[in-house]
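Just entry.cif here, mmCIF, C-alpha atoms and all ligand atoms:
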data_input
#
loop_
_atom_site.group_PDB
_atom_site.id
_atom_site.type_symbol
_atom_site.label_atom_id
_atom_site.label_comp_id
_atom_site.auth_asym_id
_atom_site.auth_seq_id
_atom_site.Cartn_x
_atom_site.Cartn_y
_atom_site.Cartn_z
ATOM 1 C CA MET T 1 160.122 17.498 91.576
ATOM 2 C CA LYS T 2 163.481 19.151 91.932
ATOM 3 C CA TRP T 3 164.381 18.225 88.392
ATOM 4 C CA THR T 4 161.103 19.596 87.057
ATOM 5 C CA ALA T 5 161.650 22.957 88.737
ATOM 6 C CA ALA T 6 165.189 23.226 87.403
ATOM 7 C CA ALA T 7 164.045 22.309 83.904
ATOM 8 C CA THR T 8 161.330 24.972 84.009
ATOM 9 C CA ILE T 9 163.803 27.672 85.007
ATOM 10 C CA ALA T 10 166.145 26.667 82.207
ATOM 11 C CA MET T 11 163.326 26.784 79.669
ATOM 12 C CA VAL T 12 162.185 30.242 80.747
ATOM 13 C CA SER T 13 165.745 31.554 80.517
ATOM 14 C CA TYR T 14 166.128 30.198 77.017
ATOM 15 C CA LEU T 15 162.795 31.453 75.758
ATOM 16 C CA ALA T 16 163.535 34.900 77.137
ATOM 17 C CA LEU T 17 166.090 35.211 74.350
ATOM 18 C CA VAL T 18 163.681 34.216 71.595
ATOM 19 C CA PRO T 19 160.886 36.791 71.145
ATOM 20 C CA GLY T 20 157.655 35.303 69.886
ATOM 21 C CA ALA T 21 158.464 31.754 70.975
ATOM 22 C CA TRP T 22 156.659 31.632 74.313
ATOM 23 C CA ALA T 23 153.740 29.174 74.352
ATOM 24 C CA LEU T 24 154.503 28.452 77.980
ATOM 25 C CA GLY T 25 152.010 25.788 78.843
ATOM 26 C CA THR T 26 148.337 25.140 79.249
ATOM 27 C CA THR T 27 146.029 28.140 79.338
ATOM 28 C CA ALA T 28 144.927 29.258 82.792
ATOM 29 C CA GLY T 29 141.499 27.903 83.694
ATOM 30 C CA THR T 30 141.822 24.715 81.647
ATOM 31 C CA ARG T 31 140.314 21.699 83.461
ATOM 32 C CA VAL T 32 142.653 18.696 83.673
ATOM 33 C CA VAL T 33 140.229 15.794 84.179
ATOM 34 C CA ASN T 34 140.508 12.017 84.260
ATOM 35 C CA GLU T 35 138.999 8.866 85.717
ATOM 36 C CA ALA T 36 140.614 5.496 86.474
ATOM 37 C CA ARG T 37 138.941 2.251 85.399
ATOM 38 C CA ALA T 38 139.564 -1.325 86.641
ATOM 39 C CA GLU T 39 138.362 -4.508 84.900
ATOM 40 C CA TYR T 40 138.194 -7.887 86.619
ATOM 41 C CA THR T 41 136.276 -11.122 86.917
ATOM 42 C CA VAL T 42 135.044 -13.135 89.893
ATOM 43 C CA GLY T 43 134.831 -16.889 89.388
ATOM 44 C CA THR T 44 133.119 -17.386 86.037
ATOM 45 C CA SER T 45 131.552 -13.914 85.939
ATOM 46 C CA PRO T 46 131.741 -11.747 82.876
ATOM 47 C CA THR T 47 134.179 -8.854 83.012
ATOM 48 C CA ILE T 48 133.250 -6.372 85.691
ATOM 49 C CA THR T 49 134.347 -2.737 85.429
ATOM 50 C CA ALA T 50 134.970 -0.434 88.394
ATOM 51 C CA TYR T 51 135.422 3.350 88.141
ATOM 52 C CA SER T 52 137.278 5.689 90.449
ATOM 53 C CA GLY T 53 134.987 8.578 89.773
ATOM 54 C CA THR T 54 136.129 11.660 87.891
ATOM 55 C CA ILE T 55 138.550 14.055 89.506
ATOM 56 C CA GLY T 56 139.754 17.286 88.009
ATOM 57 C CA VAL T 57 142.247 20.096 88.509
ATOM 58 C CA THR T 58 141.860 23.626 87.175
ATOM 59 C CA VAL T 59 145.188 24.884 85.801
ATOM 60 C CA ALA T 60 146.181 28.002 87.707
ATOM 61 C CA GLU T 61 147.447 31.209 86.100
ATOM 62 C CA LEU T 62 151.215 31.578 86.428
ATOM 63 C CA VAL T 63 152.119 35.279 86.388
ATOM 64 C CA ASP T 64 155.623 35.923 85.087
ATOM 65 C CA VAL T 65 157.305 38.591 82.983
ATOM 66 C CA ASP T 66 160.633 39.480 81.385
ATOM 67 C CA VAL T 67 161.988 42.914 80.519
ATOM 68 C CA THR T 68 165.010 43.210 78.208
ATOM 69 C CA TRP T 69 166.716 46.385 76.994
ATOM 70 C CA ALA T 70 166.631 45.913 73.222
ATOM 71 C CA ASP T 71 169.065 48.489 71.818
ATOM 72 C CA ALA T 72 171.750 45.837 71.158
ATOM 73 C CA SER T 73 173.461 46.760 74.439
ATOM 74 C CA THR T 74 174.988 49.774 72.700
ATOM 75 C CA PRO T 75 174.464 53.120 74.462
ATOM 76 C CA VAL T 76 171.827 55.194 72.707
ATOM 77 C CA PRO T 77 173.463 58.448 71.538
ATOM 78 C CA VAL T 78 172.106 61.784 72.661
ATOM 79 C CA TYR T 79 173.407 64.072 69.936
ATOM 80 C CA GLY T 80 173.921 67.738 70.747
ATOM 81 C CA PRO T 81 173.615 70.571 70.881
ATOM 82 C CA LEU T 82 171.583 70.378 74.082
ATOM 83 C CA PRO T 83 168.783 70.617 75.000
ATOM 84 C CA VAL T 84 167.469 67.568 73.142
ATOM 85 C CA ASN T 85 164.032 66.090 73.756
ATOM 86 C CA GLY T 86 162.409 62.705 73.232
ATOM 87 C CA VAL T 87 165.365 60.325 72.853
ATOM 88 C CA ALA T 88 164.076 56.741 72.979
ATOM 89 C CA LEU T 89 165.372 53.620 74.713
ATOM 90 C CA ARG T 90 163.728 50.405 73.505
ATOM 91 C CA PHE T 91 162.662 47.605 75.851
ATOM 92 C CA LEU T 92 161.059 44.242 75.093
ATOM 93 C CA VAL T 93 158.427 43.207 77.643
ATOM 94 C CA SER T 94 157.316 39.559 77.478
ATOM 95 C CA ASN T 95 154.404 37.876 79.203
ATOM 96 C CA LEU T 96 155.959 34.583 80.337
ATOM 97 C CA GLY T 97 152.816 33.328 82.042
ATOM 98 C CA ASN T 98 149.848 31.306 80.798
ATOM 99 C CA GLY T 99 147.215 34.013 81.054
ATOM 100 C CA ASP T 100 146.442 37.566 80.001
ATOM 101 C CA GLU T 101 147.694 40.137 82.461
ATOM 102 C CA ASP T 102 147.923 43.887 83.035
ATOM 103 C CA TRP T 103 151.307 45.407 83.909
ATOM 104 C CA ASP T 104 152.309 48.628 85.585
ATOM 105 C CA LEU T 105 155.300 50.116 83.737
ATOM 106 C CA VAL T 106 157.595 52.438 85.700
ATOM 107 C CA VAL T 107 160.701 54.317 84.532
ATOM 108 C CA ASP T 108 163.544 55.004 86.964
ATOM 109 C CA ASN T 109 165.644 57.954 85.771
ATOM 110 C CA ALA T 110 167.515 58.356 89.055
ATOM 111 C CA LEU T 111 169.733 55.290 89.007
ATOM 112 C CA PRO T 112 173.200 55.650 90.569
ATOM 113 C CA GLY T 113 176.460 54.439 89.047
ATOM 114 C CA ASP T 114 176.455 56.795 86.060
ATOM 115 C CA ASP T 115 177.269 60.426 85.258
ATOM 116 C CA PHE T 116 173.869 62.095 85.402
ATOM 117 C CA ASP T 117 170.096 61.675 85.416
ATOM 118 C CA PRO T 118 167.921 62.629 82.436
ATOM 119 C CA ASP T 119 165.354 65.360 83.032
ATOM 120 C CA ALA T 120 162.507 64.397 85.321
ATOM 121 C CA SER T 121 160.202 67.291 84.574
ATOM 122 C CA GLY T 122 157.454 68.234 82.170
ATOM 123 C CA THR T 123 156.597 65.167 80.106
ATOM 124 C CA SER T 124 159.949 63.414 80.677
ATOM 125 C CA PRO T 125 160.067 60.470 80.963
ATOM 126 C CA GLU T 126 157.317 59.069 78.745
ATOM 127 C CA ILE T 127 156.533 55.465 77.761
ATOM 128 C CA TYR T 128 155.115 54.492 74.358
ATOM 129 C CA ARG T 129 153.720 51.112 73.311
ATOM 130 C CA ASP T 130 154.931 49.919 69.911
ATOM 131 C CA ASN T 131 152.415 49.397 67.107
ATOM 132 C CA GLY T 132 154.151 46.174 66.052
ATOM 133 C CA ASP T 133 157.010 47.346 63.834
ATOM 134 C CA GLY T 134 159.579 47.626 66.634
ATOM 135 C CA ILE T 135 160.470 51.193 65.585
ATOM 136 C CA PHE T 136 159.502 54.315 67.478
ATOM 137 C CA SER T 137 157.233 56.670 65.524
ATOM 138 C CA THR T 138 154.088 58.746 65.907
ATOM 139 C CA ALA T 139 152.120 55.565 65.173
ATOM 140 C CA ASP T 140 152.982 54.311 68.670
ATOM 141 C CA THR T 141 150.724 54.908 71.674
ATOM 142 C CA LEU T 142 151.493 56.920 74.804
ATOM 143 C CA VAL T 143 151.136 54.714 77.874
ATOM 144 C CA SER T 144 149.026 55.926 80.763
ATOM 145 C CA GLY T 145 148.127 53.505 83.536
ATOM 146 C CA SER T 146 148.616 49.756 83.298
ATOM 147 C CA GLU T 147 149.247 47.995 79.983
ATOM 148 C CA PRO T 148 147.648 44.695 78.941
ATOM 149 C CA ILE T 149 150.001 42.074 77.545
ATOM 150 C CA GLN T 150 148.202 38.940 76.487
ATOM 151 C CA VAL T 151 149.327 35.381 76.943
ATOM 152 C CA ASP T 152 152.191 34.420 74.604
ATOM 153 C CA SER T 153 152.798 38.081 73.713
ATOM 154 C CA THR T 154 155.961 40.125 73.624
ATOM 155 C CA ILE T 155 155.713 43.881 73.094
ATOM 156 C CA TYR T 156 158.248 46.653 72.547
ATOM 157 C CA PHE T 157 157.952 49.734 74.739
ATOM 158 C CA PHE T 158 159.898 52.960 74.209
ATOM 159 C CA VAL T 159 161.110 55.127 77.086
ATOM 160 C CA LEU T 160 161.539 58.747 75.979
ATOM 161 C CA ASN T 161 163.684 61.202 77.887
ATOM 162 C CA ASP T 162 164.638 64.861 77.598
ATOM 163 C CA PHE T 163 168.155 66.220 78.093
ATOM 164 C CA GLY T 164 168.369 69.865 79.078
ATOM 165 C CA ASP T 165 171.527 70.054 81.188
ATOM 166 C CA THR T 166 173.910 72.112 79.051
ATOM 167 C CA SER T 167 176.845 71.288 81.356
ATOM 168 C CA LEU T 168 176.942 67.706 80.038
ATOM 169 C CA THR T 169 179.984 66.725 77.977
ATOM 170 C CA ASP T 170 180.945 64.029 75.473
ATOM 171 C CA GLY T 171 180.794 60.537 76.913
ATOM 172 C CA ASP T 172 178.529 61.339 79.867
ATOM 173 C CA ARG T 173 176.250 58.380 80.471
ATOM 174 C CA ALA T 174 172.866 57.949 82.144
ATOM 175 C CA LEU T 175 171.335 54.644 83.247
ATOM 176 C CA VAL T 176 167.545 54.330 82.938
ATOM 177 C CA SER T 177 165.483 51.288 83.878
ATOM 178 C CA LEU T 178 162.008 50.100 82.932
ATOM 179 C CA ASP T 179 160.118 47.997 85.478
ATOM 180 C CA ALA T 180 157.079 45.873 84.597
ATOM 181 C CA THR T 181 154.973 44.657 87.518
ATOM 182 C CA SER T 182 151.722 42.693 87.401
ATOM 183 C CA THR T 183 148.776 44.661 88.735
ATOM 184 C CA ASN T 184 148.157 41.509 90.819
ATOM 185 C CA ALA T 185 151.674 41.346 92.270
ATOM 186 C CA ALA T 186 150.701 42.851 95.622
ATOM 187 C CA GLY T 187 147.985 40.272 96.229
ATOM 188 C CA GLY T 188 150.231 37.463 97.452
ATOM 189 C CA SER T 189 152.081 34.531 95.929
ATOM 190 C CA VAL T 190 148.906 32.397 95.597
ATOM 191 C CA GLN T 191 145.521 34.070 95.040
ATOM 192 C CA ALA T 192 142.406 31.859 95.077
ATOM 193 C CA GLY T 193 140.212 32.678 92.078
ATOM 194 C CA GLY T 194 142.519 35.512 91.060
ATOM 195 C CA GLY T 195 143.551 34.074 87.714
ATOM 196 C CA ASP T 196 141.991 34.019 84.257
ATOM 197 C CA ASN T 197 138.843 31.973 83.610
ATOM 198 C CA GLY T 198 138.170 31.444 87.324
ATOM 199 C CA SER T 199 141.547 29.869 87.992
ATOM 200 C CA ASP T 200 143.790 30.528 90.950
ATOM 201 C CA LEU T 201 146.688 32.917 90.414
ATOM 202 C CA VAL T 202 150.292 31.991 91.248
ATOM 203 C CA LEU T 203 153.090 34.563 91.104
ATOM 204 C CA GLY T 204 156.206 33.210 89.419
ATOM 205 C CA LEU T 205 159.654 33.056 90.925
ATOM 206 C CA THR T 206 160.248 36.758 90.221
ATOM 207 C CA GLY T 207 157.079 37.755 92.074
ATOM 208 C CA GLY T 208 155.356 39.006 88.928
ATOM 209 C CA THR T 209 157.852 41.774 88.282
ATOM 210 C CA ALA T 210 160.948 42.321 86.149
ATOM 211 C CA SER T 211 163.270 45.157 85.188
ATOM 212 C CA ASP T 212 166.127 45.969 82.859
ATOM 213 C CA THR T 213 168.411 48.959 82.399
ATOM 214 C CA GLY T 214 169.352 50.882 79.276
ATOM 215 C CA ILE T 215 172.101 53.438 78.706
ATOM 216 C CA TYR T 216 172.188 56.893 77.118
ATOM 217 C CA GLU T 217 175.478 58.515 76.063
ATOM 218 C CA VAL T 218 175.907 62.182 75.292
ATOM 219 C CA ILE T 219 177.704 63.020 72.011
ATOM 220 C CA LEU T 220 178.071 66.765 71.546
ATOM 221 C CA THR T 221 181.026 66.812 69.170
ATOM 222 C CA ALA T 222 179.836 66.699 65.565
ATOM 223 C CA LEU T 223 181.349 67.026 62.133
ATOM 224 C CA ASN T 224 179.562 69.439 59.806
ATOM 225 C CA MET T 225 180.060 68.991 56.078
ATOM 226 C CA ILE T 226 178.832 71.279 53.301
ATOM 227 C CA LYS T 227 179.281 70.565 49.617
ATOM 228 C CA SER T 228 178.845 73.072 46.758
ATOM 229 C CA TYR T 229 179.882 73.460 43.106
ATOM 230 C CA THR T 230 180.550 75.947 40.352
ATOM 231 C CA ILE T 231 180.520 75.351 36.578
ATOM 232 C CA ASP T 232 182.803 76.778 33.892
ATOM 233 C CA ASP T 233 181.701 76.106 30.331
ATOM 234 C CA GLY T 234 184.780 77.802 28.845
ATOM 235 C CA GLY T 235 182.842 80.742 27.537
ATOM 236 C CA VAL T 236 180.550 78.764 25.240
ATOM 237 C CA SER T 237 177.474 80.341 26.809
ATOM 238 C CA PRO T 238 176.990 84.052 27.587
ATOM 239 C CA THR T 239 176.988 83.378 31.321
ATOM 240 C CA GLY T 240 179.861 80.912 31.131
ATOM 241 C CA ASP T 241 178.328 78.530 33.670
ATOM 242 C CA GLN T 242 176.198 76.109 31.675
ATOM 243 C CA PRO T 243 176.511 72.328 32.378
ATOM 244 C CA ILE T 244 177.242 71.284 28.817
ATOM 245 C CA PRO T 245 179.521 68.451 27.652
ATOM 246 C CA GLY T 246 183.112 69.563 28.165
ATOM 247 C CA ALA T 247 182.228 72.011 30.955
ATOM 248 C CA THR T 248 184.219 71.791 34.194
ATOM 249 C CA ILE T 249 182.473 71.290 37.534
ATOM 250 C CA THR T 250 184.502 72.433 40.544
ATOM 251 C CA TYR T 251 183.352 70.802 43.764
ATOM 252 C CA THR T 252 184.070 72.361 47.157
ATOM 253 C CA ILE T 253 183.630 70.428 50.405
ATOM 254 C CA GLU T 254 183.948 72.269 53.719
ATOM 255 C CA LEU T 255 184.304 70.443 57.039
ATOM 256 C CA SER T 256 184.205 71.854 60.525
ATOM 257 C CA VAL T 257 183.876 70.396 64.013
ATOM 258 C CA GLN T 258 181.355 71.725 66.510
ATOM 259 C CA GLY T 259 181.557 70.996 70.213
ATOM 260 C CA ALA T 260 184.461 70.682 72.607
ATOM 261 C CA GLY T 261 185.589 67.171 71.688
ATOM 262 C CA THR T 262 187.597 65.506 68.953
ATOM 263 C CA ALA T 263 186.224 63.894 65.802
ATOM 264 C CA GLN T 264 188.639 60.978 65.478
ATOM 265 C CA GLY T 265 189.924 59.331 62.310
ATOM 266 C CA VAL T 266 188.094 61.619 59.884
ATOM 267 C CA VAL T 267 188.206 60.289 56.313
ATOM 268 C CA VAL T 268 186.213 61.969 53.537
ATOM 269 C CA THR T 269 185.361 60.011 50.396
ATOM 270 C CA ASP T 270 183.605 61.584 47.427
ATOM 271 C CA PRO T 271 182.741 59.463 44.378
ATOM 272 C CA PHE T 272 183.027 60.998 40.930
ATOM 273 C CA PRO T 273 179.574 61.461 39.394
ATOM 274 C CA ALA T 274 178.542 59.242 36.507
ATOM 275 C CA ASP T 275 179.217 60.756 33.065
ATOM 276 C CA THR T 276 182.113 62.881 34.332
ATOM 277 C CA THR T 277 185.890 62.523 34.292
ATOM 278 C CA TYR T 278 188.231 63.659 37.056
ATOM 279 C CA VAL T 279 190.657 66.407 36.048
ATOM 280 C CA PRO T 280 194.124 65.037 36.919
ATOM 281 C CA GLY T 281 195.968 67.065 39.548
ATOM 282 C CA SER T 282 192.924 69.158 40.467
ATOM 283 C CA LEU T 283 192.528 67.864 44.016
ATOM 284 C CA GLY T 284 193.501 70.439 46.609
ATOM 285 C CA VAL T 285 193.026 70.471 50.374
ATOM 286 C CA ILE T 286 193.426 73.468 52.723
ATOM 287 C CA PRO T 287 195.079 73.216 55.222
ATOM 288 C CA ALA T 288 197.264 70.195 54.498
ATOM 289 C CA PRO T 289 195.649 66.871 55.517
ATOM 290 C CA LEU T 290 197.375 63.673 56.643
ATOM 291 C CA GLY T 291 196.966 62.230 53.202
ATOM 292 C CA THR T 292 195.014 62.203 49.968
ATOM 293 C CA ALA T 293 194.292 59.606 47.337
ATOM 294 C CA VAL T 294 192.740 59.807 43.897
ATOM 295 C CA GLY T 295 191.261 56.553 42.708
ATOM 296 C CA THR T 296 189.506 55.608 39.513
ATOM 297 C CA THR T 297 186.086 56.263 41.028
ATOM 298 C CA ASN T 298 186.618 58.703 43.889
ATOM 299 C CA VAL T 299 188.853 61.015 45.884
ATOM 300 C CA THR T 300 189.739 60.234 49.503
ATOM 301 C CA VAL T 301 191.117 62.654 52.072
ATOM 302 C CA ASN T 302 192.399 61.564 55.484
ATOM 303 C CA PHE T 303 192.258 64.307 58.104
ATOM 304 C CA GLY T 304 193.016 62.164 61.156
ATOM 305 C CA ASP T 305 191.684 63.790 64.339
ATOM 306 C CA LEU T 306 189.913 67.140 64.094
ATOM 307 C CA THR T 307 188.699 69.612 66.720
ATOM 308 C CA SER T 308 186.861 72.894 66.430
ATOM 309 C CA VAL T 309 190.227 74.624 66.956
ATOM 310 C CA ALA T 310 191.391 73.281 63.592
ATOM 311 C CA GLY T 311 188.852 75.501 61.845
ATOM 312 C CA THR T 312 187.327 74.805 58.442
ATOM 313 C CA GLN T 313 188.930 72.182 56.211
ATOM 314 C CA THR T 314 188.351 72.693 52.484
ATOM 315 C CA ILE T 315 188.551 70.087 49.708
ATOM 316 C CA ILE T 316 188.402 71.184 46.066
ATOM 317 C CA PHE T 317 188.517 69.101 42.893
ATOM 318 C CA ASP T 318 187.366 69.326 39.279
ATOM 319 C CA VAL T 319 185.592 66.985 36.919
ATOM 320 C CA THR T 320 184.552 67.546 33.324
ATOM 321 C CA ILE T 321 181.195 66.543 31.917
ATOM 322 C CA ASP T 322 181.637 63.757 29.323
HETATM 323 CA CA CA T 401 145.542 37.286 84.399
HETATM 324 CA CA CA T 402 171.693 58.387 86.986
HETATM 325 CA CA CA T 403 156.376 51.512 66.194
#
Encoded form (structure tokens):
Amino acid sequence: MKWTAAATIAMVSYLALVPGAWALGTTAGTRVVNEARAEYTVGTSPTITAYSGTIGVTVAELVDVDVTWADASTPVPVYGPLPVNGVALRFLVSNLGNGDEDWDLVVDNALPGDDFDPDASGTSPEIYRDNGDGIFSTADTLVSGSEPIQVDSTIYFFVLNDFGDTSLTDGDRALVSLDATSTNAAGGSVQAGGGDNGSDLVLGLTGGTASDTGIYEVILTALNMIKSYTIDDGGVSPTGDQPIPGATITYTIELSVQGAGTAQGVVVTDPFPADTTYVPGSLGVIPAPLGTAVGTTNVTVNFGDLTSVAGTQTIIFDVTID
């Protein structure tokens, strides 16, 4: 028996990593029935058959669940400027039992061990049930009350939070958990007749509840980039700015940093358009960058680290239309 229990735990742990591969055993309410038979003879008698009588067991419903934060364990960015509303964490909730079950889903925004708590006001936090594509969109359904998750099913849920504290800075993190608890969890570890199809209900080793924690990270520093162009057709047209073969296109790229932090390792690459030719020596950058390179297909400018104090960085280069 000890071996069986250990093997079951190992199997559940493995399957928790493989969404859609549950199939954890016989459906709750299934009757497991058999009868023993003995054959014998007495003296010269023909074969006599004895029966034990039929006995049966109704398979109970095992109630078990797993919750896994599903954003690849990478903090979900909260891009500024603040306030920002409706940033989603993604959780995978899996019914590990052998019956259909309803689950109460609860968000905890007030976890310790981080830098702040997301807003807990208005509609924040909200939970949405995925429509099956694993991506949050308006096609998903706002959760209110308990959520059914059928046997052998694994469903994505999205926890949406608002961020209105304008004192937050780059790198501030918030921990947020999602708990899933069977609506039958408070009824005791074994509940006669409480399972599906008239079966008894047995809470699994976790007591019919599970939880996992996701992470938000505030990123307020951003790089803004604007690209524009002018055309010089060399006076062929009256306006002098027609995009005809031989005309020169001057591209201008302007970069600036917003926020209090540093945009690190900034490298700008701009490919030459098809059907144009770079004008040798036309690349200019103001103020001076760490380095520039002109390749056969693009220009590259390395700015290194930039802050808002550095002001606007301007890249200019020319191509001619073939
Ligand atoms: Ca059930
Ligand atoms: Ca917190
Ligand atoms: Ca979806």
Item checked: Counting only C-alpha atoms and all ligand atoms, the residue of T:Thr141, T:Ser45, T:Ser153, T:Ser228 that sits nearest ligand CA 403 (chain T) -> T:Thr141
Next item on the list: For the structure provided, state which residues fall under the PyMOL selection byres (((chain T and resi 274-285) around 10) and not hetatm), and present them as a ChimeraX atom specification.
Entry: /T:245-254,271-273,286-289,291-301,303,313-322
Taking (177.3, 63.2, 70.6) as a centre in this file's frame and 10 Å as the limit, can you find every polymer residue with an atom that close, using all atoms listed in the file, and give them as a short mmCIF file (atom, residue, chain, number, x, y, z; two decimals) with C-alpha atoms, in the coordinates of the input?
data_model
loop_
_atom_site.label_atom_id
_atom_site.label_comp_id
_atom_site.auth_asym_id
_atom_site.auth_seq_id
_atom_site.Cartn_x
_atom_site.Cartn_y
_atom_site.Cartn_z
CA VAL T 76 171.83 55.19 72.71
CA PRO T 77 173.46 58.45 71.54
CA VAL T 78 172.11 61.78 72.66
CA TYR T 79 173.41 64.07 69.94
CA GLY T 80 173.92 67.74 70.75
CA PRO T 81 173.62 70.57 70.88
CA LEU T 82 171.58 70.38 74.08
CA THR T 169 179.98 66.72 77.98
CA ASP T 170 180.94 64.03 75.47
CA GLY T 171 180.79 60.54 76.91
CA ASP T 172 178.53 61.34 79.87
CA GLU T 217 175.48 58.52 76.06
CA VAL T 218 175.91 62.18 75.29
CA ILE T 219 177.70 63.02 72.01
CA LEU T 220 178.07 66.76 71.55
CA THR T 221 181.03 66.81 69.17
CA ALA T 222 179.84 66.70 65.56
CA GLY T 259 181.56 71.00 70.21
CA GLY T 261 185.59 67.17 71.69
#
Show me a table, sorted first by chain and then by increasing residue number, of the residues of chain T having an atom at most 12 Å from ligand CA 401 (chain T), each with its shortest atom pair and the distance in Å to one decimal, counting all atoms listed in the file and written as CSV.
residue,atom,partner,partner_atom,distance
T:Thr27,CA,T:CA401,CA,10.5
T:Ala28,CA,T:CA401,CA,8.2
T:Gly29,CA,T:CA401,CA,10.2
T:Ala60,CA,T:CA401,CA,9.9
T:Glu61,CA,T:CA401,CA,6.6
T:Leu62,CA,T:CA401,CA,8.3
T:Val63,CA,T:CA401,CA,7.2
T:Asp64,CA,T:CA401,CA,10.2
T:Val65,CA,T:CA401,CA,11.9
T:Asn95,CA,T:CA401,CA,10.3
T:Leu96,CA,T:CA401,CA,11.5
T:Gly97,CA,T:CA401,CA,8.6
T:Asn98,CA,T:CA401,CA,8.2
T:Gly99,CA,T:CA401,CA,5.0
T:Asp100,CA,T:CA401,CA,4.5
T:Glu101,CA,T:CA401,CA,4.1
T:Asp102,CA,T:CA401,CA,7.1
T:Trp103,CA,T:CA401,CA,10.0
T:Pro148,CA,T:CA401,CA,9.4
T:Ile149,CA,T:CA401,CA,9.5
T:Gln150,CA,T:CA401,CA,8.5
T:Val151,CA,T:CA401,CA,8.6
T:Ser182,CA,T:CA401,CA,8.7
T:Thr183,CA,T:CA401,CA,9.1
T:Asn184,CA,T:CA401,CA,8.1
T:Ala185,CA,T:CA401,CA,10.8
T:Gln191,CA,T:CA401,CA,11.1
T:Gly193,CA,T:CA401,CA,10.4
T:Gly194,CA,T:CA401,CA,7.5
T:Gly195,CA,T:CA401,CA,5.0
T:Asp196,CA,T:CA401,CA,4.8
T:Asn197,CA,T:CA401,CA,8.6
T:Gly198,CA,T:CA401,CA,9.9
T:Ser199,CA,T:CA401,CA,9.2
T:Asp200,CA,T:CA401,CA,9.6
T:Leu201,CA,T:CA401,CA,7.5
T:Val202,CA,T:CA401,CA,9.9
T:Leu203,CA,T:CA401,CA,10.5
T:Gly208,CA,T:CA401,CA,10.9
Item checked: All residues having an atom within 12 Å of ligand CA 402 (chain T) (only C-alpha atoms and all ligand atoms) as a ChimeraX atom specification -> /T:107-120,172-177,213-217
Checklist line | Given 6 Å and all atoms listed in the file, residues near ligand CA 403 (chain T) as a list in words | finding: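 Residues lying within 6 Å of ligand CA 403 (chain T): Asp130, Asn131, Gly132, Asp133, Gly134, Ile135, Phe136, Ser137, Ala139 and Asp140 of chain T.
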Next item on the list: Report as number ranges by chain the residues that result from applying the PyMOL selection byres (((chain T and resi 154) around 8) and not hetatm) to the structure here.
Entry: T: 19-20, 92-95, 149, 152-153, 155-156
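Between atom CA of Trp69 of chain T and atom CA of Ala186 of chain T lies a distance of 24.8 Å.
Counting from atom CA of Phe158 of chain T, the distance to atom CA of Leu142 of chain T is 9.3 Å.
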Margin query: So the first atom is atom CA of Ser256 of chain T and the second is atom CA of Ala310 of chain T; what is the distance between them in Å, to one decimal place?
Written below: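 Between atom CA of Ser256 of chain T and atom CA of Ala310 of chain T the gap works out to 7.9 Å.
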Margin query: Evaluated on this file, the PyMOL selection byres (((chain T and resi 263) around 6) and not hetatm) picks out some residues - which ones are they, written as a PyMOL selection string?
Written below: chain T and resi 262+264+305-306
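Here the question is which of T:Ala36, T:Val268, T:Ser308, T:Ser146 gets nearest to Leu290 of chain T using all atoms listed in the file, and that residue is T:Val268.
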Margin query: Would you pick out the contacts of Asp232 of chain T at 8 Å or less, using all atoms listed in the file, so that residues sharing its chain but fewer than 2 positions from it are not included, and give the list as a ChimeraX atom specification?
Written below: /T:230,234-235,240-243,247-249
Notebook entry, point to check: Smallest atom-to-atom distance to Ala70 of chain T: which of T:Glu126, T:Val57, T:Thr49, T:Asp212, using all atoms listed in the file?
Noted result: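 The shortest atom-to-atom distance to Ala70 of chain T comes from T:Asp212.
Comparing T:Thr312, T:Ser189, T:Thr41, T:Asn161 by their smallest distance to Arg90 of chain T, the closest is T:Asn161 (using only C-alpha atoms).
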Once 6 Å is added on each side, what centre and edge lengths in Å to one decimal does the axis-aligned box around all listed atoms of segment 146-165 of chain T have, as JSON?
{"center_x": 159.6, "center_y": 52.2, "center_z": 77.9, "size_x": 35.9, "size_y": 47.6, "size_z": 22.8}
